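Data first, discussion second: the structure below is written as structure tokens.
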Amino acid sequence: MKVLKSCLLIIIAFACPVSSFAAKNMSSYTMQKYQDFTECRAQASKTTDYKAILQKYSEFEAEVVSKLPANAIDLEQEKLFWESCVHLAKFDYIFNVSSDIKQERLSLKDQMNRNEKYISAHKKKDGVAPLFYMITADTTSCYMSFSVASAMFHGMRVKTLYQTAAENGANMWAANLGLAQWVYYAPGLFGGGTKKAEKYFLEAIKASQTNAEKFYTYSYYAQYLFEMGKKEECSTYMEKAGSLYPGSTYIARLKKLNANGMGLFTYNREHSGVDKNDDPNATDL
């Protein structure tokens, strides 16, 4: 009965209608700094001192935000974008080192709501940047991934945001990577499925330009291949990713997971506890 209830809740989420949005550009300053931040995150994967990493992220954000007034096209949007980027980067580490992440999830919820408020106010008036749709999708996806009811409530919205970003922006490796994971986990009845996800993983790889972007697209695709039972191909892409940032503890952790017979996507699902949280009223926490 619990499994049936979970399936029905998820199906409702993916049956929601898709909306269309207008798009505009972010400043070249933010676009460049986003590449720099991706590089910062890849470099940070070489250390296990997560407190130092979190501090570094905070310092990066403070420096960027201090220069936004002189460089941003849309100060409100770009400030929200950077708050979201750093929130997610920090959450990624905290998720793996702490058993109590309630406050972090509440913070993600607040960020998600503020992002959505901005989108609602600007989507028809003067447009929203593809990167902002993407980061809002990431924020919402991360927030909803801890209960079936949250997935029910936000699931289709995440797909819409990722699709809007991927279809309207150039070199949207991160949007395609997010969409690939959405399709991987989504029910086949609504366009999801593990085999269908490969298309978007490959699109993410194709769109990645810098070493840091390739580091993430290669490693995620490698984990997809592992989940599909293609271990030799997984190993090839893991080595490609690892060669870009030798000594990465992130790659070492993935290899350890694989050696124990588990892929990243299975780990994330089990670690989140989503399958155990079947309270239909748990759309928030």
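Chain identifiers are assigned as A, B, and so on, following the order in which chains appear in the structure tokens; residues are numbered from 1 within each chain, and ligands are numbered from 1 in order of appearance.
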Discussion item. Could you list, as number ranges by chain, every residue within 10 Å of Ala70 (chain A), counting only C-alpha atoms and ignoring same-chain residues fewer than 5 positions away?
Written reply: A: 29, 65, 75
Atoms to include: N, CA and C atoms. Write the selected residues as a PDB file, in the first residue's frame.
```
ATOM      1  N   TYR A  29      29.843  39.467 -16.459  1.00  0.00           N
ATOM      2  CA  TYR A  29      30.557  39.313 -15.184  1.00  0.00           C
ATOM      3  C   TYR A  29      30.071  38.066 -14.447  1.00  0.00           C
ATOM      4  N   VAL A  65      29.413  39.326  -4.868  1.00  0.00           N
ATOM      5  CA  VAL A  65      28.255  40.182  -4.578  1.00  0.00           C
ATOM      6  C   VAL A  65      28.677  41.629  -4.367  1.00  0.00           C
ATOM      7  N   LEU A  75      20.487  43.516 -10.955  1.00  0.00           N
ATOM      8  CA  LEU A  75      21.111  43.275  -9.652  1.00  0.00           C
ATOM      9  C   LEU A  75      20.323  42.295  -8.801  1.00  0.00           C
TER      10      LEU A  75
END
```
Item to complete: as a ChimeraX atom specification, list the residues of region 68-266 of chain A assigned to alpha helix (DSSP H) by DSSP on the backbone atoms of this structure.
Response: /A:68-71,75-97,102-122,130-144,148-168,173-185,194-207,211-227,231-244,249-259,264-266
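Using only C-alpha atoms, the nearest neighbour of Leu106 (chain A) within the list A:Thr139, A:Gly261, A:Tyr34, A:Lys195 is A:Thr139.
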Item to complete: Would you list the contacts of Val86 (chain A) as a PyMOL selection string, taking every protein, DNA or RNA residue within 9 Å and counting only C-alpha atoms, but skipping same-chain residues closer than 2 positions in sequence?
Response: chain A and resi 54+57-58+60-61+81-84+88-91
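Counting from CA of Val158 (chain A), the distance to CA of Ala207 (chain A) is 20.2 Å.
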Discussion item. My list of candidates is A:Asn211, A:Asn171, A:Gln32, A:Gln77. Which is closest to Asp126 (chain A) when distances are computed with only C-alpha atoms?
Written reply: A:Gln77
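Using only C-alpha atoms, the shortest contact distance between His122 (chain A) and any of A:Lys240, A:Arg41, A:Lys24, A:Arg269 is found at A:Lys24.
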Item to complete: Using only C-alpha atoms, determine which residues lie at most 10 Å from Lys79 (chain A), disregarding the query and same-chain residues fewer than 5 positions distant; provide the list as a ChimeraX atom specification.
Response: /A:30,61,64-66,68-69,72,74,84-85
